[in-house]
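Below is data.tsv, holding TSV, C-alpha atoms.
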```tsv
chain	number	residue	atom	x	y	z
A	2	MET	CA	91.40	91.72	134.91
A	3	ASN	CA	93.96	94.50	134.82
A	4	GLU	CA	93.93	97.56	132.54
A	5	LEU	CA	96.41	96.06	130.06
A	6	ASP	CA	94.30	92.90	129.60
A	7	SER	CA	91.21	95.04	129.05
A	8	LEU	CA	93.00	97.20	126.49
A	9	PHE	CA	94.30	94.11	124.68
A	10	LYS	CA	90.81	92.56	124.49
A	11	SER	CA	89.41	95.84	123.12
A	12	PHE	CA	92.19	95.95	120.53
A	13	VAL	CA	91.51	92.38	119.41
A	14	ALA	CA	87.78	93.13	119.19
A	15	LEU	CA	88.54	96.19	117.02
A	16	TYR	CA	90.76	94.09	114.76
A	17	HIS	CA	88.04	91.46	114.29
A	18	LYS	CA	85.46	94.14	113.52
A	19	LEU	CA	87.72	95.87	110.96
A	20	ARG	CA	88.70	92.55	109.35
A	21	SER	CA	85.07	91.43	109.11
A	22	GLY	CA	84.05	94.74	107.54
A	23	MET	CA	86.84	94.51	104.95
A	24	ARG	CA	85.87	90.97	104.04
A	25	GLU	CA	82.19	91.84	103.70
A	26	ARG	CA	82.72	95.03	101.72
A	27	TRP	CA	85.69	94.17	99.50
A	28	LYS	CA	86.22	90.38	99.84
A	29	ARG	CA	89.78	91.08	101.08
A	30	ASP	CA	91.85	90.08	104.07
A	31	LEU	CA	94.54	92.65	104.79
A	32	PRO	CA	97.31	93.09	107.38
A	33	LEU	CA	96.40	95.03	110.50
A	34	GLU	CA	98.07	98.30	109.46
A	35	GLU	CA	96.04	98.34	106.23
A	36	LEU	CA	92.86	97.91	108.26
A	37	LEU	CA	93.78	100.70	110.67
A	38	PHE	CA	95.19	103.32	108.31
A	39	ASP	CA	94.01	104.89	105.08
A	40	ARG	CA	96.43	104.69	102.14
A	41	TRP	CA	94.92	107.77	100.45
A	42	GLU	CA	95.51	109.79	103.63
A	43	ARG	CA	99.12	108.60	103.73
A	44	ALA	CA	99.64	109.68	100.12
A	45	LYS	CA	98.11	113.07	100.88
A	46	SER	CA	100.37	113.48	103.94
A	47	LEU	CA	103.38	112.81	101.67
A	48	GLY	CA	102.24	115.52	99.24
A	49	PHE	CA	101.26	113.10	96.47
A	50	GLY	CA	98.66	114.19	93.91
A	51	GLU	CA	94.91	114.05	94.37
A	52	GLY	CA	93.52	110.52	94.32
A	53	SER	CA	96.89	108.77	94.73
A	54	SER	CA	97.43	106.06	97.33
A	55	ILE	CA	100.35	104.23	98.93
A	56	TYR	CA	100.28	101.22	101.21
A	57	HIS	CA	101.58	101.55	104.76
A	58	ASN	CA	104.13	98.78	104.31
A	59	SER	CA	105.88	100.78	101.58
A	60	TYR	CA	109.08	102.72	102.24
A	61	VAL	CA	109.56	106.32	101.13
A	62	TYR	CA	112.93	108.11	101.39
A	63	GLY	CA	114.03	111.60	100.35
A	64	GLU	CA	112.36	113.77	97.71
A	65	VAL	CA	109.51	111.78	96.15
A	66	LYS	CA	106.93	113.48	93.92
A	67	VAL	CA	103.89	111.55	92.76
A	68	GLY	CA	101.17	112.86	90.44
A	69	LYS	CA	97.43	112.38	90.69
A	70	ASN	CA	95.51	109.09	90.66
A	71	THR	CA	98.64	106.95	90.99
A	72	TRP	CA	98.52	103.64	92.86
A	73	ILE	CA	101.62	102.59	94.79
A	74	GLY	CA	101.26	98.91	95.71
A	75	PRO	CA	102.34	97.10	98.87
A	76	TYR	CA	105.97	96.32	99.74
A	77	THR	CA	107.38	98.98	97.44
A	78	LEU	CA	110.48	101.09	98.01
A	79	LEU	CA	110.57	104.66	96.72
A	80	ASP	CA	114.11	106.00	97.14
A	81	GLY	CA	114.03	109.73	96.50
A	82	SER	CA	117.48	110.44	97.96
A	83	GLY	CA	118.54	111.49	94.44
A	84	GLY	CA	115.11	112.81	93.40
A	85	LEU	CA	112.20	110.62	92.29
A	86	GLU	CA	109.23	111.71	90.20
A	87	ILE	CA	106.26	109.53	89.24
A	88	GLY	CA	103.55	110.91	86.95
A	89	ASP	CA	99.75	110.80	86.91
A	90	TYR	CA	97.68	107.63	86.47
A	91	CYS	CA	100.52	105.19	87.13
A	92	SER	CA	100.39	101.72	88.67
A	93	ILE	CA	103.49	100.83	90.65
A	94	SER	CA	102.94	97.15	91.43
A	95	THR	CA	103.74	95.09	94.49
A	96	GLY	CA	107.40	94.86	95.44
A	97	VAL	CA	108.71	97.45	92.96
A	98	HIS	CA	111.95	99.15	94.04
A	99	LEU	CA	112.80	102.55	92.54
A	100	TYR	CA	116.37	103.57	93.41
A	101	THR	CA	117.99	106.98	92.95
A	102	HIS	CA	121.29	106.04	94.57
A	103	ASP	CA	123.72	103.17	94.82
A	104	THR	CA	126.66	102.34	97.08
A	105	VAL	CA	128.71	100.25	94.66
A	106	LYS	CA	131.79	102.50	94.45
A	107	TRP	CA	131.47	103.41	98.14
A	108	ALA	CA	131.64	99.72	99.09
A	109	LEU	CA	134.40	98.81	96.62
A	110	SER	CA	136.56	101.75	97.73
A	111	GLY	CA	136.24	100.89	101.41
A	112	GLY	CA	134.18	104.02	102.01
A	113	LYS	CA	136.59	106.41	100.28
A	114	LEU	CA	134.16	107.28	97.49
A	115	ALA	CA	130.69	108.75	98.07
A	116	TYR	CA	127.35	107.20	97.32
A	117	GLU	CA	126.28	107.95	93.75
A	118	ARG	CA	122.91	109.62	93.19
A	119	ALA	CA	120.89	110.43	90.06
A	120	PRO	CA	117.18	111.24	89.64
A	121	VAL	CA	114.57	108.80	88.36
A	122	LYS	CA	111.52	109.93	86.41
A	123	ILE	CA	108.52	107.83	85.48
A	124	GLY	CA	106.13	109.53	83.07
A	125	ASN	CA	102.34	109.63	83.07
A	126	CYS	CA	100.12	106.60	82.52
A	127	CYS	CA	102.76	103.92	83.17
A	128	TYR	CA	102.44	100.39	84.49
A	129	ILE	CA	105.45	98.98	86.37
A	130	GLY	CA	105.07	95.23	86.94
A	131	GLY	CA	105.61	93.51	90.27
A	132	GLN	CA	109.12	92.95	91.67
A	133	THR	CA	110.70	95.29	89.11
A	134	VAL	CA	113.85	97.20	90.08
A	135	VAL	CA	114.65	100.57	88.49
A	136	SER	CA	118.22	101.80	88.96
A	137	LYS	CA	119.40	105.36	89.50
A	138	GLY	CA	119.36	107.90	86.68
A	139	ILE	CA	116.60	106.23	84.64
A	140	THR	CA	113.76	107.91	82.75
A	141	ILE	CA	110.70	105.91	81.74
A	142	GLY	CA	108.54	107.84	79.28
A	143	ASP	CA	104.74	108.25	79.20
A	144	HIS	CA	102.38	105.33	78.50
A	145	CYS	CA	104.92	102.56	79.14
A	146	VAL	CA	104.46	98.99	80.29
A	147	ILE	CA	107.36	97.45	82.21
A	148	GLY	CA	106.91	93.70	82.70
A	149	ALA	CA	107.16	92.00	86.07
A	150	CYS	CA	110.55	91.08	87.53
A	151	SER	CA	112.47	93.42	85.22
A	152	PHE	CA	115.70	95.27	85.95
A	153	VAL	CA	115.56	98.70	84.31
A	154	ASN	CA	119.06	100.10	83.85
A	155	GLU	CA	118.51	102.05	80.59
A	156	ASP	CA	115.97	104.74	79.68
A	157	ILE	CA	112.69	103.54	78.18
A	158	PRO	CA	111.04	105.79	75.56
A	159	SER	CA	107.35	106.73	75.70
A	160	TYR	CA	104.78	104.25	74.35
A	161	THR	CA	107.08	101.27	74.89
A	162	ILE	CA	106.48	97.76	76.23
A	163	ALA	CA	109.66	96.46	77.85
A	164	PHE	CA	110.70	93.65	80.16
A	165	GLY	CA	113.58	91.43	81.18
A	166	VAL	CA	116.90	91.38	82.98
A	167	PRO	CA	118.18	93.70	81.72
A	168	CYS	CA	114.93	95.37	80.62
A	169	ARG	CA	114.65	95.81	76.85
A	170	PRO	CA	111.89	97.12	74.54
A	171	VAL	CA	109.77	94.33	73.07
A	172	GLY	CA	106.78	96.24	71.73
A	173	ARG	CA	104.79	99.43	71.64
A	174	VAL	CA	101.63	100.97	73.05
A	175	GLU	CA	99.14	102.56	70.66
A	176	ILE	CA	96.26	104.74	71.87
A	177	ASP	CA	93.58	105.89	69.42
A	178	PRO	CA	91.77	109.24	69.72
A	179	SER	CA	88.88	107.63	71.64
A	180	GLY	CA	91.31	106.25	74.26
A	181	ASN	CA	91.36	102.60	73.22
A	182	VAL	CA	94.71	100.98	74.01
A	183	THR	CA	96.45	98.38	71.84
A	184	LEU	CA	99.61	96.56	72.96
A	185	ILE	CA	101.71	95.45	69.98
A	186	MET	CA	104.57	93.01	70.49
A	187	ASP	CA	107.50	93.17	68.05
A	188	ALA	CA	108.14	90.13	65.85
A	189	HIS	CA	111.32	88.26	66.77
```
Any chance you could put this one into structure tokens?
Amino acid sequence: MNELDSLFKSFVALYHKLRSGMRERWKRDLPLEELLFDRWERAKSLGFGEGSSIYHNSYVYGEVKVGKNTWIGPYTLLDGSGGLEIGDYCSISTGVHLYTHDTVKWALSGGKLAYERAPVKIGNCCYIGGQTVVSKGITIGDHCVIGACSFVNEDIPSYTIAFGVPCRPVGRVEIDPSGNVTLIMDAH
């Protein structure tokens, strides 16, 4: 057996050991990169706040600031080319794309016009549902819920429940002094 075959067998053995440990400890089966690398370490290396995490199959571009104890799910795209800020205690679900630029006018003008950029800010204690897209220049206030598969192209005020294409407010979040949360849907 040559050195490459030996190395490959050792690698496969490591994979099986890591996979088995993950299944036993957490009842999860994850892709290889998630078994090999620590998502809290990645967040720390990106300068994110204490206790935040980001999956290794997520893309991060430009200036991205993330507060403490924020979870960035798998297959997300954080475009900070125009400046992106995400607060503390947020959940950014699987497949969310946060854009701070677009190339619409660049493409339509045959490259004569520049890319357009504008910052995006997501407040503290927000939940952004899976497969949501947030366009450039948007602010989402504190304590907001954005439903899955939404397209956010207008600002969302604090304590708002919103969803849809385009994303629109449909309710509000109430938090009492003891921290209990109530989600109230508007009557239609």
### Task
For CA of Val121 (chain A) and CA of Asp80 (chain A), determine how far apart the two atoms are, in Å to one decimal place.
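That distance, rounded to one decimal, is 9.2 Å.
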#### Entry: Shell around Val105 (chain A) at 10 Å using only C-alpha atoms, local window under 6 positions removed, as a VMD selection string
chain A and resid 112 114 to 117
### Query
Which neighbours of Tyr76 (chain A) fall inside 9 Å, counting only C-alpha atoms, when residues of the same chain fewer than 6 positions from it are skipped, and could you give them as a PyMOL selection string?
chain A and resi 56-60+94-98
### Query
Taking into account all atoms listed in the file, which residue in the set A:Tyr90, A:Phe38, A:Tyr100, A:Phe12 is nearest to Gly138 (chain A)?
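Looking only at the distances to Gly138 (chain A), the closest residue turns out to be A:Tyr100.
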#### Entry: Atomic distance CA of Thr140 (chain A) - CA of Gly88 (chain A), expressed in Å with one decimal
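About the pair CA of Thr140 (chain A) and CA of Gly88 (chain A): they are 11.4 Å apart.
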### Summary
note - CA of Val65 (chain A) and CA of Gly81 (chain A) are separated by 5.0 Å
Considering only C-alpha atoms, give me a table of residues in region 156-189 of chain A that are at most 8 Å from region 144-152 of chain A, with the closest atom pair and distance in Å for each, as JSON lines.
```
{"residue": "A:Ile157", "atom": "CA", "partner": "A:Cys145", "partner_atom": "CA", "distance": 7.9}
{"residue": "A:Pro158", "atom": "CA", "partner": "A:Cys145", "partner_atom": "CA", "distance": 7.8}
{"residue": "A:Ser159", "atom": "CA", "partner": "A:His144", "partner_atom": "CA", "distance": 5.9}
{"residue": "A:Tyr160", "atom": "CA", "partner": "A:His144", "partner_atom": "CA", "distance": 4.9}
{"residue": "A:Thr161", "atom": "CA", "partner": "A:Cys145", "partner_atom": "CA", "distance": 4.9}
{"residue": "A:Ile162", "atom": "CA", "partner": "A:Val146", "partner_atom": "CA", "distance": 4.7}
{"residue": "A:Ala163", "atom": "CA", "partner": "A:Ile147", "partner_atom": "CA", "distance": 5.0}
{"residue": "A:Phe164", "atom": "CA", "partner": "A:Gly148", "partner_atom": "CA", "distance": 4.6}
{"residue": "A:Gly165", "atom": "CA", "partner": "A:Ser151", "partner_atom": "CA", "distance": 4.6}
{"residue": "A:Val166", "atom": "CA", "partner": "A:Phe152", "partner_atom": "CA", "distance": 5.0}
{"residue": "A:Pro167", "atom": "CA", "partner": "A:Phe152", "partner_atom": "CA", "distance": 5.1}
{"residue": "A:Cys168", "atom": "CA", "partner": "A:Phe152", "partner_atom": "CA", "distance": 5.4}
{"residue": "A:Val174", "atom": "CA", "partner": "A:His144", "partner_atom": "CA", "distance": 7.0}
```
Take every atom of region 171-181 of chain A listed in the file, pad by 5 Å on each side, and give me the axis-aligned box centre and edge lengths in Å, one decimal, as lines of an AutoDock Vina configuration file.
```
center_x = 99.3
center_y = 101.8
center_z = 71.8
size_x = 30.9
size_y = 24.9
size_z = 14.8
```
### Task
Fewer than 3 positions away in the same chain doesn't count, so skip those; otherwise give me all residues within 8 Å of Ser54 (chain A), counting all atoms listed in the file, as an MDAnalysis selection string.
chainID A and resid 40:45 70:73
### Message
Which residue is closest to Lys66 (chain A)? Choose from A:Arg173, A:His102, A:Lys122, A:Arg20 and count all atoms listed in the file.
### Response
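Smallest distance to Lys66 (chain A) is found for A:Lys122.
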### Task
Find the residues around Ile139 (chain A) up to 9 Å (all atoms listed in the file counted), leave out those fewer than 5 positions away in its own chain, and share them as a list in words.
Thr101, Ala119, Pro120, Val121, Lys122, Ile123, Val153, Asn154, Glu155, Asp156 and Ile157 of chain A
Can I get the selected residues back with C-alpha atoms, as an mmCIF file, keeping the file's coordinate frame?
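Result written to again32.cif:
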```cif
data_model
loop_
_atom_site.group_PDB
_atom_site.id
_atom_site.type_symbol
_atom_site.label_atom_id
_atom_site.label_comp_id
_atom_site.auth_asym_id
_atom_site.auth_seq_id
_atom_site.Cartn_x
_atom_site.Cartn_y
_atom_site.Cartn_z
ATOM 1 C CA THR A 101 117.990 106.980 92.950
ATOM 2 C CA ALA A 119 120.890 110.430 90.060
ATOM 3 C CA PRO A 120 117.180 111.240 89.640
ATOM 4 C CA VAL A 121 114.570 108.800 88.360
ATOM 5 C CA LYS A 122 111.520 109.930 86.410
ATOM 6 C CA ILE A 123 108.520 107.830 85.480
ATOM 7 C CA VAL A 153 115.560 98.700 84.310
ATOM 8 C CA ASN A 154 119.060 100.100 83.850
ATOM 9 C CA GLU A 155 118.510 102.050 80.590
ATOM 10 C CA ASP A 156 115.970 104.740 79.680
ATOM 11 C CA ILE A 157 112.690 103.540 78.180
#
```
### Query
Which one of A:Ile141, A:Leu31, A:Val182, A:Leu85 sits closest to His17 (chain A) if you count all atoms listed in the file?
A:Leu31
